[in-house]
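Data first, discussion second: the structure below is written as structure tokens.
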Amino acid sequence: MLLGGLRYLLPVIEAAHKEGYHVITCDYLPDNIAHKYSDEYCNVSIVDKDAVLAKAKELEIDGIMSFAVDPGVVTAAYVAEKMNLPYAGSYESIKILQNKDLFRKFLTDNGFNVPVSAGYDNYEEAADDLDRFTFPIIVKPTDSAGSKGVSRVDNEKQLQSAFQHALDNSISGKVIIEEFIEKEGCSSDSDCFSVDGELKVVTFSAQRFDDEAANPYTPSAYSWPSTFTEEEEAYLKAELQRLITLLDLKTSIYNIETRIGKNGKPYIMEVSPRGGGNRLAEMIRYGSGTDMIQAYVRASVGNPVENLQQNDFNGSWAEIILHADKDGEFQSLDIDEAFTDCIVETDLWVKKGDQVREFNGANDAIGTLVVRFNDQSQLEQSLSSISRWCKVIVR
């Protein structure tokens, strides 16, 4: 059973079919694209864990997954525990990972590098506690993904509107405020994999942002390799392994966000036992040949994960998240001919005349470009000026 119906599930469905598995997709939106490719669809909200459990029992599923669908991860853990199905870890461990407030507390209690943070149910409580923070701060929902509801706040006057924006995007009605960690180089958002509690694949990316976008905290591109040093990557890998051991996690893919602060400290910002959105696992497969999607599909039904190994990236790779800079009708995607040889895949999700929205979150993306550059110098130069050679035309 796959929770959700986003297009990011399509490679998972393909991998499952290659293994001969019967795939059931589940959410409350029957028109979602993934349902067209699965073998069966059930109309149940993925955040209603007891309803999903009832349906899972009725259908006698052998495994459950919430790949690239953050709201379903806790539900999947709940169902797996109740039905004794394979999963990354216990329901309690997964709840810690999926709740930003609980996760920060767990990191703090166990001696990890952590931004100063606290969770709040209402604005008045947050305003009264503001003395613990130094501006700028980040205000975000404790339980949303795709950068929805996230704001940077530079002064007290901006707090109330940012808090309400986060609250409006929170499933549980809770908001976290945290110290804004000024990053050195690029932050990383990439996928990793553990087998029986041991990290087998650890990747780091360079996460890029469009400063001109409506939400400048929504990633607009990713590239590999990262901007971290070997020492920084080694430190983060050791800390990630320590985290997995402390939470008694088993076999799973993880979407992991990390960064190096200007204070020189490496930080684990988020760890979620799911594949990342924005096709990150596919990008790793493109660049290195390491197939975490197939491995996770097998693990989800209790089959052994074999021959999964860390491979170096074959060159300098990037994924560009195509997006509009304003609301309107999509007209065309115009790419400079000089870059034609670098483009490995163009995956455009809209056609001329379709309505598109300005880039406020990951769900406003209109497609992706997979690009392989000749070297790191060409990659850096190209990604610093994407809008000059890759234009989304909107009327």
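Labeling convention for the structure tokens: chains A, B, ... as they appear, residues from 1 per chain, ligands from 1 in order of appearance.
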Who sits within 8 Å of Val73 in chain A, only C-alpha atoms, same chain under 2 positions skipped, as a PyMOL selection string: chain A and resi 65-66+69-71+75-77+94+98+273-274
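Near range 10-17 of chain A, within 10 Å and counting only C-alpha atoms, sit Leu2, Gly5, His22, Val23, Ile24, Thr25, Ile33, Ala34, His35, Lys36, Tyr37, Ser38, Asp39, Met65, Phe67, Gly275, Arg279, Ala281, Glu282, Asp291, Ile293, Gln294, Ala295, Tyr296, Val297 and Arg298 of chain A; same-chain residues fewer than 5 positions away were not included.
Excluding range 123-137 of chain A itself and any same-chain residue fewer than 6 positions from it, the protein and nucleic acid residues within 10 Å of it, counting only C-alpha atoms, are Val116, Ser117, Ser151, Arg152, Val153, Asp154, Asn155, Glu156, Leu159, Gln160, Ser161, Ala162, Phe163, Gln164, Leu167, Val175, Ile176, Ile177, Glu178, Glu179, Phe180, Ile181 and Glu182 of chain A.
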Between A:Ile284, A:Val114, A:Ala56, A:Ile244, which one has atoms that come closest to Gly89 in chain A, using only C-alpha atoms? A:Ile244
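Interatomic distance, CA of Asp341 in chain A against CA of Asn311 in chain A: 24.3 Å.
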Which residues are near Glu92 in chain A? Cut-off 10 Å, only C-alpha atoms, ignore same chain within fewer than 6 positions. Put them as a ChimeraX atom specification. /A:74,77-78,81,247
Residues near Ala88 in chain A, anyone? I mean within 10 Å using only C-alpha atoms, not counting same-chain ones fewer than 2 positions away, as a list in words. Met65, Ala76, Ala77, Ala80, Pro86, Ser90, Tyr91, Ser93, Ile94, Ser194, Val195, Asp196, Gly197, Ile244, Leu247, Asp248, Leu249, Lys250, Thr251, Ser252, Ile253, Tyr254, Ser272, Pro273, Arg274, Ala299 and Ser300 of chain A
Store the residues picked out above in a file with N, CA, C and O atoms, as an mmCIF file, in the first residue's frame.
data_model
loop_
_atom_site.group_PDB
_atom_site.id
_atom_site.type_symbol
_atom_site.label_atom_id
_atom_site.label_comp_id
_atom_site.auth_asym_id
_atom_site.auth_seq_id
_atom_site.Cartn_x
_atom_site.Cartn_y
_atom_site.Cartn_z
ATOM 1 N N MET A 65 3.956 2.023 2.633
ATOM 2 C CA MET A 65 4.996 3.001 2.379
ATOM 3 C C MET A 65 4.364 4.372 2.137
ATOM 4 O O MET A 65 3.290 4.466 1.549
ATOM 5 N N ALA A 76 1.765 5.426 8.204
ATOM 6 C CA ALA A 76 2.372 4.174 7.743
ATOM 7 C C ALA A 76 3.039 3.437 8.900
ATOM 8 O O ALA A 76 2.935 2.207 9.010
ATOM 9 N N ALA A 77 3.723 4.176 9.777
ATOM 10 C CA ALA A 77 4.365 3.558 10.939
ATOM 11 C C ALA A 77 3.327 2.941 11.872
ATOM 12 O O ALA A 77 3.531 1.853 12.426
ATOM 13 N N ALA A 80 1.941 -0.215 10.192
ATOM 14 C CA ALA A 80 2.969 -1.267 10.199
ATOM 15 C C ALA A 80 3.096 -1.892 11.579
ATOM 16 O O ALA A 80 3.207 -3.119 11.712
ATOM 17 N N PRO A 86 6.899 -4.837 8.006
ATOM 18 C CA PRO A 86 8.224 -4.213 8.005
ATOM 19 C C PRO A 86 8.106 -2.688 7.956
ATOM 20 O O PRO A 86 7.255 -2.148 7.249
ATOM 21 N N SER A 90 9.880 1.965 15.152
ATOM 22 C CA SER A 90 8.645 1.952 15.930
ATOM 23 C C SER A 90 7.810 3.202 15.652
ATOM 24 O O SER A 90 8.332 4.235 15.201
ATOM 25 N N TYR A 91 6.548 3.097 15.964
ATOM 26 C CA TYR A 91 5.638 4.243 15.836
ATOM 27 C C TYR A 91 6.145 5.421 16.650
ATOM 28 O O TYR A 91 6.136 6.566 16.182
ATOM 29 N N SER A 93 9.283 6.135 17.575
ATOM 30 C CA SER A 93 10.483 6.704 16.948
ATOM 31 C C SER A 93 10.128 7.552 15.739
ATOM 32 O O SER A 93 10.694 8.640 15.530
ATOM 33 N N ILE A 94 9.192 7.070 14.947
ATOM 34 C CA ILE A 94 8.805 7.801 13.740
ATOM 35 C C ILE A 94 8.105 9.103 14.108
ATOM 36 O O ILE A 94 8.289 10.130 13.442
ATOM 37 N N SER A 194 19.552 2.870 5.168
ATOM 38 C CA SER A 194 20.123 1.971 6.173
ATOM 39 C C SER A 194 19.571 0.571 5.987
ATOM 40 O O SER A 194 18.428 0.395 5.538
ATOM 41 N N VAL A 195 20.389 -0.417 6.298
ATOM 42 C CA VAL A 195 19.967 -1.819 6.269
ATOM 43 C C VAL A 195 20.253 -2.415 7.638
ATOM 44 O O VAL A 195 21.393 -2.379 8.122
ATOM 45 N N ASP A 196 19.205 -2.890 8.289
ATOM 46 C CA ASP A 196 19.329 -3.456 9.641
ATOM 47 C C ASP A 196 20.046 -2.493 10.590
ATOM 48 O O ASP A 196 20.883 -2.895 11.408
ATOM 49 N N GLY A 197 19.724 -1.220 10.471
ATOM 50 C CA GLY A 197 20.264 -0.214 11.387
ATOM 51 C C GLY A 197 21.623 0.334 11.019
ATOM 52 O O GLY A 197 22.148 1.210 11.723
ATOM 53 N N ILE A 244 20.326 7.060 14.138
ATOM 54 C CA ILE A 244 19.629 5.837 13.735
ATOM 55 C C ILE A 244 19.735 4.773 14.824
ATOM 56 O O ILE A 244 18.764 4.068 15.127
ATOM 57 N N LEU A 247 17.486 5.707 17.917
ATOM 58 C CA LEU A 247 16.057 5.517 17.668
ATOM 59 C C LEU A 247 15.717 4.080 17.273
ATOM 60 O O LEU A 247 14.563 3.760 17.021
ATOM 61 N N ASP A 248 16.743 3.218 17.218
ATOM 62 C CA ASP A 248 16.568 1.809 16.883
ATOM 63 C C ASP A 248 15.858 1.645 15.534
ATOM 64 O O ASP A 248 14.915 0.854 15.391
ATOM 65 N N LEU A 249 16.333 2.407 14.544
ATOM 66 C CA LEU A 249 15.783 2.304 13.198
ATOM 67 C C LEU A 249 16.411 1.113 12.484
ATOM 68 O O LEU A 249 17.531 0.709 12.799
ATOM 69 N N LYS A 250 15.704 0.578 11.509
ATOM 70 C CA LYS A 250 16.135 -0.672 10.876
ATOM 71 C C LYS A 250 16.504 -0.459 9.416
ATOM 72 O O LYS A 250 17.542 0.081 9.107
ATOM 73 N N THR A 251 15.638 -0.904 8.499
ATOM 74 C CA THR A 251 15.923 -0.822 7.066
ATOM 75 C C THR A 251 14.977 0.183 6.428
ATOM 76 O O THR A 251 13.758 0.013 6.484
ATOM 77 N N SER A 252 15.559 1.219 5.823
ATOM 78 C CA SER A 252 14.703 2.270 5.263
ATOM 79 C C SER A 252 15.516 3.231 4.410
ATOM 80 O O SER A 252 16.728 3.375 4.583
ATOM 81 N N ILE A 253 14.817 3.907 3.532
ATOM 82 C CA ILE A 253 15.333 5.104 2.896
ATOM 83 C C ILE A 253 15.041 6.282 3.824
ATOM 84 O O ILE A 253 14.111 6.223 4.636
ATOM 85 N N TYR A 254 15.836 7.357 3.726
ATOM 86 C CA TYR A 254 15.612 8.565 4.528
ATOM 87 C C TYR A 254 15.831 9.788 3.658
ATOM 88 O O TYR A 254 16.774 9.830 2.855
ATOM 89 N N SER A 272 13.672 12.179 7.741
ATOM 90 C CA SER A 272 12.350 11.571 7.582
ATOM 91 C C SER A 272 12.503 10.217 6.914
ATOM 92 O O SER A 272 13.173 10.104 5.882
ATOM 93 N N PRO A 273 11.892 9.161 7.468
ATOM 94 C CA PRO A 273 12.019 7.823 6.884
ATOM 95 C C PRO A 273 11.121 7.654 5.660
ATOM 96 O O PRO A 273 10.146 6.900 5.657
ATOM 97 N N ARG A 274 11.454 8.352 4.615
ATOM 98 C CA ARG A 274 10.725 8.306 3.336
ATOM 99 C C ARG A 274 11.687 8.779 2.253
ATOM 100 O O ARG A 274 12.703 9.410 2.529
ATOM 101 N N ALA A 299 12.288 -3.815 0.694
ATOM 102 C CA ALA A 299 12.279 -3.778 2.160
ATOM 103 C C ALA A 299 10.869 -3.615 2.707
ATOM 104 O O ALA A 299 10.543 -4.141 3.782
ATOM 105 N N SER A 300 10.010 -2.900 1.984
ATOM 106 C CA SER A 300 8.672 -2.587 2.493
ATOM 107 C C SER A 300 7.791 -3.824 2.663
ATOM 108 O O SER A 300 6.821 -3.792 3.420
#
Within 10 Å of range 363-374 of chain A using only C-alpha atoms, minus same-chain residues under 5 positions, as an NGL selection string: :A and (6 or 145-148 or 218 or 220-224 or 277-279 or 282-283 or 286-287 or 314-324 or 330 or 339-351 or 356-358 or 379-380 or 382 or 390 or 392)
Residue set, range 40-225 of chain A restricted to strand (DSSP E or B), as JSON, numbers by chain: {"A": [40, 41, 42, 43, 65, 117, 118, 119, 120, 137, 138, 139, 140, 141, 151, 152, 153, 175, 176, 177, 178, 179, 183, 188, 189, 190, 191, 192, 193, 194, 195, 198, 199, 200, 201, 206, 207, 208, 209, 219, 220, 221, 222, 223, 224]}
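Across A:Lys391, A:Pro30, A:Lys200, A:Asp191, the tightest approach to Asn307 in chain A is made by A:Lys200 when counting only C-alpha atoms.
Separating CA of Asp101 in chain A from CA of Ala166 in chain A is a distance of 13.6 Å.
CA of Val271 in chain A is positioned 8.8 Å from CA of Phe103 in chain A.
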